[in-house]
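K.L.:
Sharing my_file-v1.cif here; it has mmCIF, N, CA, C and O atoms.
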data_target
loop_
_atom_site.label_atom_id
_atom_site.label_comp_id
_atom_site.auth_asym_id
_atom_site.auth_seq_id
_atom_site.Cartn_x
_atom_site.Cartn_y
_atom_site.Cartn_z
N MET A 1 13.92 -13.51 3.00
CA MET A 1 13.24 -12.99 4.16
C MET A 1 11.97 -12.25 3.75
O MET A 1 11.99 -11.51 2.78
N PRO A 2 10.89 -12.40 4.49
CA PRO A 2 9.66 -11.68 4.18
C PRO A 2 9.84 -10.16 4.32
O PRO A 2 10.80 -9.69 4.93
N ALA A 3 8.91 -9.44 3.74
CA ALA A 3 8.94 -7.98 3.82
C ALA A 3 7.53 -7.45 3.98
O ALA A 3 6.56 -8.08 3.54
N LEU A 4 7.43 -6.29 4.61
CA LEU A 4 6.15 -5.61 4.78
C LEU A 4 6.09 -4.38 3.90
O LEU A 4 7.03 -3.59 3.85
N TRP A 5 4.98 -4.22 3.22
CA TRP A 5 4.66 -3.06 2.40
C TRP A 5 3.75 -2.22 3.28
O TRP A 5 2.69 -2.68 3.71
N ILE A 6 4.18 -1.03 3.63
CA ILE A 6 3.46 -0.20 4.59
C ILE A 6 3.08 1.11 3.91
O ILE A 6 3.95 1.86 3.46
N ALA A 7 1.78 1.36 3.81
CA ALA A 7 1.29 2.57 3.17
C ALA A 7 0.47 3.39 4.16
O ALA A 7 -0.33 2.84 4.91
N HIS A 8 0.70 4.69 4.15
CA HIS A 8 -0.07 5.65 4.95
C HIS A 8 -0.73 6.58 3.95
O HIS A 8 -0.03 7.20 3.13
N VAL A 9 -2.06 6.69 4.00
CA VAL A 9 -2.80 7.33 2.92
C VAL A 9 -3.87 8.29 3.45
O VAL A 9 -4.59 7.96 4.40
N THR A 10 -3.98 9.43 2.79
CA THR A 10 -5.13 10.31 2.93
C THR A 10 -5.81 10.34 1.57
O THR A 10 -5.20 10.76 0.58
N VAL A 11 -7.02 9.85 1.50
CA VAL A 11 -7.78 9.84 0.25
C VAL A 11 -8.39 11.23 0.06
O VAL A 11 -9.08 11.73 0.94
N THR A 12 -8.12 11.84 -1.09
CA THR A 12 -8.64 13.18 -1.39
C THR A 12 -9.76 13.15 -2.42
O THR A 12 -10.50 14.13 -2.55
N ASP A 13 -9.88 12.06 -3.16
CA ASP A 13 -10.94 11.91 -4.17
C ASP A 13 -11.37 10.44 -4.18
O ASP A 13 -10.72 9.60 -4.80
N PRO A 14 -12.44 10.10 -3.46
CA PRO A 14 -12.81 8.70 -3.25
C PRO A 14 -13.13 7.89 -4.52
O PRO A 14 -12.82 6.70 -4.56
N GLU A 15 -13.71 8.51 -5.52
CA GLU A 15 -14.12 7.73 -6.70
C GLU A 15 -12.93 7.12 -7.45
O GLU A 15 -12.89 5.90 -7.65
N PRO A 16 -11.93 7.92 -7.86
CA PRO A 16 -10.79 7.28 -8.52
C PRO A 16 -9.97 6.41 -7.56
O PRO A 16 -9.40 5.40 -7.98
N TYR A 17 -9.96 6.75 -6.29
CA TYR A 17 -9.21 5.93 -5.34
C TYR A 17 -9.85 4.55 -5.22
O TYR A 17 -9.14 3.55 -5.06
N ALA A 18 -11.15 4.47 -5.34
CA ALA A 18 -11.83 3.17 -5.32
C ALA A 18 -11.36 2.31 -6.49
O ALA A 18 -11.20 1.09 -6.34
N LYS A 19 -11.14 2.92 -7.64
CA LYS A 19 -10.62 2.18 -8.80
C LYS A 19 -9.20 1.68 -8.51
O LYS A 19 -8.85 0.56 -8.85
N TYR A 20 -8.40 2.53 -7.87
CA TYR A 20 -7.05 2.10 -7.46
C TYR A 20 -7.16 0.85 -6.58
O TYR A 20 -6.48 -0.15 -6.83
N ALA A 21 -8.01 0.89 -5.56
CA ALA A 21 -8.15 -0.24 -4.63
C ALA A 21 -8.60 -1.50 -5.35
O ALA A 21 -8.13 -2.60 -5.06
N GLU A 22 -9.50 -1.33 -6.29
CA GLU A 22 -10.01 -2.47 -7.07
C GLU A 22 -8.89 -3.15 -7.86
O GLU A 22 -8.83 -4.38 -7.93
N LEU A 23 -7.99 -2.36 -8.44
CA LEU A 23 -6.91 -2.90 -9.26
C LEU A 23 -5.68 -3.30 -8.45
O LEU A 23 -4.96 -4.22 -8.83
N ALA A 24 -5.42 -2.59 -7.36
CA ALA A 24 -4.20 -2.84 -6.59
C ALA A 24 -4.23 -4.20 -5.89
O ALA A 24 -3.20 -4.88 -5.83
N GLY A 25 -5.37 -4.58 -5.36
CA GLY A 25 -5.47 -5.86 -4.63
C GLY A 25 -5.00 -7.05 -5.46
O GLY A 25 -4.13 -7.80 -5.02
N PRO A 26 -5.53 -7.24 -6.67
CA PRO A 26 -5.07 -8.36 -7.50
C PRO A 26 -3.59 -8.24 -7.89
O PRO A 26 -2.89 -9.26 -7.96
N ALA A 27 -3.10 -7.03 -8.13
CA ALA A 27 -1.68 -6.86 -8.47
C ALA A 27 -0.80 -7.28 -7.30
O ALA A 27 0.24 -7.94 -7.48
N ILE A 28 -1.20 -6.92 -6.10
CA ILE A 28 -0.44 -7.29 -4.90
C ILE A 28 -0.48 -8.81 -4.70
O ILE A 28 0.54 -9.44 -4.46
N ALA A 29 -1.66 -9.39 -4.84
CA ALA A 29 -1.80 -10.85 -4.68
C ALA A 29 -0.97 -11.60 -5.72
O ALA A 29 -0.39 -12.65 -5.41
N ALA A 30 -0.90 -11.09 -6.93
CA ALA A 30 -0.15 -11.75 -8.00
C ALA A 30 1.35 -11.84 -7.69
O ALA A 30 2.05 -12.69 -8.26
N HIS A 31 1.82 -10.99 -6.78
CA HIS A 31 3.23 -11.02 -6.40
C HIS A 31 3.44 -11.65 -5.02
O HIS A 31 4.49 -11.47 -4.40
N GLY A 32 2.44 -12.37 -4.56
CA GLY A 32 2.55 -13.08 -3.29
C GLY A 32 2.22 -12.24 -2.07
O GLY A 32 2.43 -12.67 -0.94
N GLY A 33 1.69 -11.03 -2.29
CA GLY A 33 1.34 -10.16 -1.18
C GLY A 33 0.02 -10.56 -0.53
O GLY A 33 -0.92 -10.94 -1.23
N GLU A 34 -0.01 -10.48 0.79
CA GLU A 34 -1.23 -10.75 1.56
C GLU A 34 -1.46 -9.59 2.50
O GLU A 34 -0.56 -9.19 3.24
N PHE A 35 -2.67 -9.04 2.49
CA PHE A 35 -2.98 -7.94 3.39
C PHE A 35 -3.07 -8.45 4.82
O PHE A 35 -3.73 -9.46 5.08
N ILE A 36 -2.40 -7.76 5.74
CA ILE A 36 -2.52 -8.11 7.15
C ILE A 36 -3.16 -6.98 7.96
O ILE A 36 -3.58 -7.20 9.08
N ALA A 37 -3.23 -5.79 7.38
CA ALA A 37 -3.97 -4.68 8.00
C ALA A 37 -4.39 -3.75 6.87
O ALA A 37 -3.61 -3.44 5.98
N ARG A 38 -5.64 -3.33 6.91
CA ARG A 38 -6.15 -2.46 5.85
C ARG A 38 -7.29 -1.61 6.40
O ARG A 38 -8.39 -2.08 6.59
N GLY A 39 -6.97 -0.33 6.67
CA GLY A 39 -7.99 0.59 7.12
C GLY A 39 -8.53 0.32 8.51
O GLY A 39 -9.61 0.80 8.85
N ALA A 40 -7.79 -0.41 9.33
CA ALA A 40 -8.26 -0.74 10.67
C ALA A 40 -7.98 0.40 11.66
O ALA A 40 -7.34 1.39 11.31
N ARG A 41 -8.45 0.24 12.87
CA ARG A 41 -8.18 1.23 13.92
C ARG A 41 -6.69 1.38 14.13
O ARG A 41 -5.94 0.42 13.95
N PHE A 42 -6.27 2.57 14.51
CA PHE A 42 -4.86 2.81 14.77
C PHE A 42 -4.72 3.95 15.77
O PHE A 42 -5.67 4.70 16.01
N VAL A 43 -3.54 4.07 16.33
CA VAL A 43 -3.19 5.18 17.21
C VAL A 43 -1.91 5.79 16.66
O VAL A 43 -0.89 5.10 16.53
N GLN A 44 -1.96 7.06 16.30
CA GLN A 44 -0.79 7.76 15.78
C GLN A 44 0.02 8.28 16.97
O GLN A 44 -0.47 9.11 17.73
N LEU A 45 1.22 7.79 17.13
CA LEU A 45 2.05 8.20 18.25
C LEU A 45 3.06 9.28 17.87
O LEU A 45 3.44 10.09 18.71
N GLU A 46 3.52 9.27 16.64
CA GLU A 46 4.47 10.28 16.16
C GLU A 46 4.22 10.51 14.68
O GLU A 46 3.67 9.66 13.99
N GLY A 47 4.67 11.66 14.19
CA GLY A 47 4.63 11.94 12.76
C GLY A 47 3.25 12.35 12.27
O GLY A 47 2.31 12.54 13.04
N LYS A 48 3.16 12.46 10.94
CA LYS A 48 1.93 12.90 10.29
C LYS A 48 0.89 11.79 10.29
O LYS A 48 1.18 10.68 9.86
N GLU A 49 -0.29 12.11 10.76
CA GLU A 49 -1.37 11.12 10.77
C GLU A 49 -2.03 11.04 9.40
O GLU A 49 -2.32 12.05 8.76
N ARG A 50 -2.24 9.84 8.93
CA ARG A 50 -3.01 9.56 7.72
C ARG A 50 -4.16 8.65 8.14
O ARG A 50 -3.95 7.67 8.88
N PRO A 51 -5.37 8.92 7.67
CA PRO A 51 -6.52 8.14 8.14
C PRO A 51 -6.59 6.70 7.63
O PRO A 51 -7.31 5.89 8.17
N ARG A 52 -5.84 6.38 6.57
CA ARG A 52 -5.87 5.01 6.04
C ARG A 52 -4.46 4.44 6.08
O ARG A 52 -3.52 5.04 5.58
N ASN A 53 -4.33 3.28 6.69
CA ASN A 53 -3.04 2.62 6.81
C ASN A 53 -3.19 1.18 6.34
O ASN A 53 -4.14 0.50 6.72
N VAL A 54 -2.25 0.75 5.50
CA VAL A 54 -2.33 -0.58 4.89
C VAL A 54 -0.98 -1.27 5.07
O VAL A 54 0.07 -0.67 4.81
N VAL A 55 -1.03 -2.53 5.47
CA VAL A 55 0.18 -3.34 5.58
C VAL A 55 -0.08 -4.65 4.83
O VAL A 55 -1.09 -5.32 5.06
N ALA A 56 0.83 -4.98 3.92
CA ALA A 56 0.77 -6.25 3.21
C ALA A 56 2.09 -6.96 3.41
O ALA A 56 3.16 -6.33 3.44
N LYS A 57 2.04 -8.28 3.56
CA LYS A 57 3.25 -9.08 3.73
C LYS A 57 3.57 -9.76 2.41
O LYS A 57 2.69 -10.36 1.78
N PHE A 58 4.83 -9.65 2.00
CA PHE A 58 5.31 -10.28 0.77
C PHE A 58 6.36 -11.33 1.13
O PHE A 58 7.01 -11.23 2.18
N PRO A 59 6.58 -12.31 0.26
CA PRO A 59 7.58 -13.34 0.56
C PRO A 59 9.00 -12.78 0.67
O PRO A 59 9.81 -13.29 1.43
N THR A 60 9.29 -11.72 -0.08
CA THR A 60 10.62 -11.10 -0.05
C THR A 60 10.49 -9.61 -0.33
O THR A 60 9.48 -9.16 -0.89
N LEU A 61 11.52 -8.87 0.02
CA LEU A 61 11.57 -7.44 -0.30
C LEU A 61 11.53 -7.26 -1.82
O LEU A 61 10.84 -6.38 -2.33
N GLU A 62 12.24 -8.11 -2.53
CA GLU A 62 12.28 -8.01 -3.99
C GLU A 62 10.90 -8.24 -4.61
O GLU A 62 10.54 -7.56 -5.57
N ALA A 63 10.13 -9.16 -4.05
CA ALA A 63 8.77 -9.41 -4.57
C ALA A 63 7.90 -8.16 -4.39
O ALA A 63 7.11 -7.81 -5.28
N ALA A 64 8.04 -7.48 -3.26
CA ALA A 64 7.27 -6.26 -3.02
C ALA A 64 7.67 -5.15 -3.99
O ALA A 64 6.81 -4.47 -4.55
N VAL A 65 8.96 -4.99 -4.21
CA VAL A 65 9.43 -3.95 -5.14
C VAL A 65 9.02 -4.31 -6.58
O VAL A 65 8.61 -3.44 -7.34
N ASP A 66 9.12 -5.59 -6.92
CA ASP A 66 8.67 -6.02 -8.26
C ASP A 66 7.19 -5.74 -8.44
O ASP A 66 6.75 -5.33 -9.52
N CYS A 67 6.40 -5.95 -7.40
CA CYS A 67 4.97 -5.64 -7.46
C CYS A 67 4.77 -4.17 -7.76
O CYS A 67 4.01 -3.81 -8.66
N TYR A 68 5.45 -3.32 -6.99
CA TYR A 68 5.30 -1.87 -7.18
C TYR A 68 5.64 -1.47 -8.61
O TYR A 68 4.94 -0.64 -9.21
N ASN A 69 6.67 -2.05 -9.17
CA ASN A 69 7.11 -1.70 -10.51
C ASN A 69 6.36 -2.40 -11.63
O ASN A 69 6.57 -2.10 -12.80
N SER A 70 5.48 -3.34 -11.28
CA SER A 70 4.75 -4.10 -12.30
C SER A 70 3.76 -3.23 -13.06
O SER A 70 3.27 -2.22 -12.56
N ALA A 71 3.48 -3.62 -14.28
CA ALA A 71 2.51 -2.89 -15.11
C ALA A 71 1.14 -2.85 -14.44
O ALA A 71 0.47 -1.81 -14.46
N ALA A 72 0.73 -3.95 -13.82
CA ALA A 72 -0.59 -4.00 -13.18
C ALA A 72 -0.69 -3.01 -12.02
O ALA A 72 -1.69 -2.30 -11.88
N TYR A 73 0.35 -2.96 -11.18
CA TYR A 73 0.30 -2.04 -10.06
C TYR A 73 0.42 -0.59 -10.52
O TYR A 73 -0.24 0.30 -10.00
N GLN A 74 1.26 -0.35 -11.50
CA GLN A 74 1.41 1.01 -12.01
C GLN A 74 0.11 1.52 -12.63
O GLN A 74 -0.22 2.70 -12.50
N GLU A 75 -0.65 0.63 -13.26
CA GLU A 75 -1.97 1.01 -13.76
C GLU A 75 -2.87 1.42 -12.60
O GLU A 75 -3.55 2.44 -12.64
N ALA A 76 -2.88 0.60 -11.55
CA ALA A 76 -3.67 0.93 -10.36
C ALA A 76 -3.23 2.26 -9.78
O ALA A 76 -4.05 3.13 -9.46
N LEU A 77 -1.92 2.44 -9.65
CA LEU A 77 -1.36 3.64 -9.04
C LEU A 77 -1.74 4.90 -9.80
O LEU A 77 -1.90 5.97 -9.21
N SER A 78 -1.96 4.79 -11.10
CA SER A 78 -2.35 5.97 -11.88
C SER A 78 -3.67 6.56 -11.38
O SER A 78 -3.89 7.75 -11.51
N PHE A 79 -4.52 5.75 -10.77
CA PHE A 79 -5.78 6.24 -10.21
C PHE A 79 -5.58 6.86 -8.83
O PHE A 79 -6.34 7.74 -8.43
N ALA A 80 -4.58 6.42 -8.10
CA ALA A 80 -4.34 6.92 -6.75
C ALA A 80 -3.57 8.24 -6.75
O ALA A 80 -3.73 9.05 -5.84
N LYS A 81 -2.72 8.45 -7.75
CA LYS A 81 -1.82 9.60 -7.73
C LYS A 81 -2.54 10.93 -7.61
O LYS A 81 -2.11 11.78 -6.86
N GLY A 82 -3.62 11.15 -8.30
CA GLY A 82 -4.35 12.41 -8.18
C GLY A 82 -5.46 12.37 -7.15
O GLY A 82 -6.16 13.35 -6.95
N ALA A 83 -5.61 11.22 -6.50
CA ALA A 83 -6.74 11.03 -5.60
C ALA A 83 -6.33 10.78 -4.16
O ALA A 83 -7.17 10.46 -3.33
N SER A 84 -5.03 10.93 -3.88
CA SER A 84 -4.56 10.65 -2.52
C SER A 84 -3.21 11.29 -2.28
O SER A 84 -2.48 11.62 -3.21
N GLU A 85 -2.92 11.44 -0.99
CA GLU A 85 -1.58 11.79 -0.54
C GLU A 85 -1.09 10.56 0.20
O GLU A 85 -1.82 10.02 1.04
N ARG A 86 0.12 10.08 -0.12
CA ARG A 86 0.54 8.80 0.44
C ARG A 86 2.04 8.73 0.67
O ARG A 86 2.80 9.41 0.01
N GLU A 87 2.39 7.89 1.60
CA GLU A 87 3.75 7.46 1.80
C GLU A 87 3.72 5.93 1.71
O GLU A 87 2.78 5.31 2.19
N LEU A 88 4.74 5.38 1.09
CA LEU A 88 4.81 3.92 0.95
C LEU A 88 6.25 3.49 1.16
O LEU A 88 7.18 4.10 0.62
N MET A 89 6.42 2.46 1.97
CA MET A 89 7.75 1.89 2.17
C MET A 89 7.64 0.37 2.19
O MET A 89 6.57 -0.18 2.43
N VAL A 90 8.77 -0.26 1.93
CA VAL A 90 8.87 -1.71 2.07
C VAL A 90 10.02 -1.95 3.04
O VAL A 90 11.11 -1.39 2.88
N VAL A 91 9.76 -2.78 4.03
CA VAL A 91 10.80 -3.07 5.04
C VAL A 91 10.89 -4.58 5.22
O VAL A 91 9.88 -5.27 5.34
N GLU A 92 12.11 -5.07 5.20
CA GLU A 92 12.35 -6.49 5.40
C GLU A 92 12.12 -6.85 6.87
O GLU A 92 12.48 -6.08 7.76
N THR A 93 11.53 -8.00 7.11
CA THR A 93 11.28 -8.44 8.47
C THR A 93 12.40 -9.37 8.94
O THR A 93 13.20 -9.83 8.13
N SER A 94 12.40 -9.68 10.21
CA SER A 94 13.42 -10.57 10.75
C SER A 94 12.97 -12.02 10.77
O SER A 94 13.71 -12.88 11.21
N GLU A 95 11.75 -12.31 10.34
CA GLU A 95 11.27 -13.69 10.34
C GLU A 95 11.16 -14.21 8.93
O GLU A 95 10.79 -13.58 8.03
#
Just dump the structure as C-alpha coordinates.

P.N.:
Amino acid sequence: MPALWIAHVTVTDPEPYAKYAELAGPAIAAHGGEFIARGARFVQLEGKERPRNVVAKFPTLEAAVDCYNSAAYQEALSFAKGASERELMVVETSE
(Lines of atoms letter the chains of each structure in order from A and count residues from 1; the text may use other names and numbers.)
(Lines give C-alpha, C1' and ligand atoms only; values in the text may rest on other atoms or scores of the structure.)
Protein backbone atom coordinates (compact mmCIF):
# COMPACT_ATOMS: atom_id res chain seq x y z
CA MET A 1 0.00 0.00 0.00
CA PRO A 2 1.26 3.52 -0.75
CA ALA A 3 2.25 5.87 2.03
CA LEU A 4 2.49 9.62 2.52
CA TRP A 5 5.50 11.34 4.08
CA ILE A 6 4.14 14.47 5.73
CA ALA A 7 6.48 17.16 7.05
CA HIS A 8 5.58 20.40 8.82
CA VAL A 9 8.55 22.77 8.97
CA THR A 10 9.61 26.15 10.28
CA VAL A 11 12.92 27.13 8.69
CA THR A 12 15.11 29.00 11.19
CA ASP A 13 18.30 29.26 9.10
CA PRO A 14 17.66 29.39 5.33
CA GLU A 15 21.21 28.80 4.06
CA PRO A 16 21.83 25.33 5.55
CA TYR A 17 18.18 24.43 5.01
CA ALA A 18 18.66 25.09 1.30
CA LYS A 19 21.45 22.49 1.32
CA TYR A 20 19.06 20.05 3.03
CA ALA A 21 16.46 20.64 0.28
CA GLU A 22 19.09 20.18 -2.43
CA LEU A 23 20.14 16.78 -1.02
CA ALA A 24 16.78 15.53 0.26
CA GLY A 25 14.98 15.63 -3.11
CA PRO A 26 17.26 13.09 -4.81
CA ALA A 27 17.29 10.86 -1.70
CA ILE A 28 13.49 10.82 -1.67
CA ALA A 29 13.30 10.14 -5.42
CA ALA A 30 15.81 7.27 -5.09
CA HIS A 31 13.32 5.49 -2.81
CA GLY A 32 10.36 5.99 -5.14
CA GLY A 33 9.09 9.14 -3.44
CA GLU A 34 7.25 11.77 -5.48
CA PHE A 35 6.39 15.20 -4.13
CA ILE A 36 2.68 15.98 -4.30
CA ALA A 37 2.74 19.17 -2.20
CA ARG A 38 5.71 21.34 -1.30
CA GLY A 39 5.44 24.78 0.24
CA ALA A 40 2.02 25.47 -1.29
CA ARG A 41 -0.84 27.49 0.20
CA PHE A 42 -2.50 25.94 3.23
CA VAL A 43 -5.05 26.64 5.94
CA GLN A 44 -4.16 25.60 9.48
CA LEU A 45 -7.33 24.38 11.17
CA GLU A 46 -5.87 22.85 14.35
CA GLY A 47 -2.53 22.47 16.08
CA LYS A 48 0.76 24.29 15.66
CA GLU A 49 1.14 26.15 12.39
CA ARG A 50 4.34 25.65 10.42
CA PRO A 51 4.88 27.84 7.34
CA ARG A 52 6.30 25.03 5.18
CA ASN A 53 4.41 21.80 4.57
CA VAL A 54 5.62 18.97 2.36
CA VAL A 55 3.87 15.78 1.27
CA ALA A 56 5.59 13.04 -0.73
CA LYS A 57 3.99 9.79 -1.87
CA PHE A 58 6.00 6.57 -1.60
CA PRO A 59 5.13 3.13 -3.00
CA THR A 60 5.01 1.67 0.53
CA LEU A 61 5.37 2.72 4.15
CA GLU A 62 8.56 0.66 4.30
CA ALA A 63 10.05 2.54 1.32
CA ALA A 64 9.42 5.85 3.10
CA VAL A 65 11.01 4.63 6.34
CA ASP A 66 13.94 3.15 4.40
CA CYS A 67 14.39 6.54 2.74
CA TYR A 68 14.46 8.31 6.09
CA ASN A 69 17.06 5.87 7.42
CA SER A 70 19.21 5.92 4.27
CA ALA A 71 22.70 7.40 4.33
CA ALA A 72 21.72 9.92 1.63
CA TYR A 73 18.73 11.25 3.54
CA GLN A 74 20.57 11.30 6.85
CA GLU A 75 23.28 13.40 5.21
CA ALA A 76 20.60 15.83 4.01
CA LEU A 77 18.94 15.82 7.42
CA SER A 78 22.20 16.87 9.08
CA PHE A 79 21.73 20.28 7.40
CA ALA A 80 18.09 20.61 8.50
CA LYS A 81 18.54 19.68 12.16
CA GLY A 82 20.07 22.98 13.25
CA ALA A 83 18.24 25.01 10.65
CA SER A 84 14.61 24.10 11.25
CA GLU A 85 11.94 22.96 13.64
CA ARG A 86 10.01 20.06 12.14
CA GLU A 87 7.56 17.27 12.58
CA LEU A 88 7.62 14.33 10.19
CA MET A 89 5.31 11.36 9.92
CA VAL A 90 4.65 8.58 7.45
CA VAL A 91 1.08 7.33 7.10
CA GLU A 92 -0.14 4.45 4.97
CA THR A 93 -2.92 5.30 2.54
CA SER A 94 -5.98 3.25 1.70
CA GLU A 95 -5.28 3.22 -2.05

K.L.:
Box along x, y and z, 5 Å on every side, all listed atoms of stretch 8-17 of chain A inside: centre and edge lengths in Å to one decimal, as lines of an AutoDock Vina configuration file.

P.N.:
center_x = -6.7
center_y = 8.8
center_z = -1.8
size_x = 24.8
size_y = 20.6
size_z = 23.5

K.L.:
Please, which residues of chain A, numbered as in this document, come out alpha helix (DSSP H) from DSSP, as a PyMOL selection string?

P.N.:
chain A and resi 14-30+61-69+71-80

K.L.:
Looking only at the backbone, which of the residues in chain A does DSSP tag as strand (DSSP E), as number ranges by chain?

P.N.:
A: 3-11, 34-38, 52-58, 84-92

K.L.:
For this structure, which residues satisfy the selection - the PyMOL selection byres ((chain A and resi 89) around 7) - when it is evaluated on the file as given? I want them as a PyMOL selection string.

P.N.:
chain A and resi 4-8+54+87-88+90-91

K.L.:
Can you turn the PyMOL selection byres (((chain A and resi 33 and name CA) around 6) and name CA) into a concrete residue list for this file, as a PyMOL selection string?

P.N.:
chain A and resi 28-29+31-32+34+56-58

K.L.:
Tell me which of A:Ala76, A:Ala71, A:Val65, A:Met1 sits closest to A:Tyr17, counting only C-alpha atoms.

P.N.:
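Closest candidate: A:Ala76.
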
K.L.:
Which distance in Å separates atom CA of A:Glu49 and atom CA of A:Val11, to one decimal?

P.N.:
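Value for the atom CA of A:Glu49-atom CA of A:Val11 distance: 12.4 Å.
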
K.L.:
Smallest atom-to-atom distance to A:Tyr68: which of A:Tyr20, A:Ala27, A:Pro51, A:Val43, using all atoms listed in the file?

P.N.:
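Residue with the minimum atom-to-atom distance to A:Tyr68: A:Ala27.
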
K.L.:
Interatomic distance between atom C of A:Ala37 and atom N of A:Asn53?

P.N.:
7.0 Å

K.L.:
Please measure the separation of atom CA of A:Ala3 and atom CA of A:Ala64, giving the value in Å to one decimal.

P.N.:
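Going from atom CA of A:Ala3 over to atom CA of A:Ala64, I get 7.2 Å.
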
K.L.:
For A:Ala80, list every protein, DNA or RNA residue within 8 Å, evaluated using only N, CA, C and O atoms, and leave out those in the same chain fewer than 2 positions away; present the list as a PyMOL selection string.

P.N.:
chain A and resi 10-13+16-21+73-78+82-86

K.L.:
Taking only C-alpha atoms into account, which of A:Leu23, A:Ala72, A:Ala30, A:Val9 comes nearest A:Val55?

P.N.:
A:Val9

K.L.:
With only C-alpha atoms as the basis for distance, which of A:Asn69, A:Lys48, A:Thr60, A:Pro26 is at the shortest distance from A:Ser94?

P.N.:
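For A:Ser94, the nearest of the given residues is A:Thr60.
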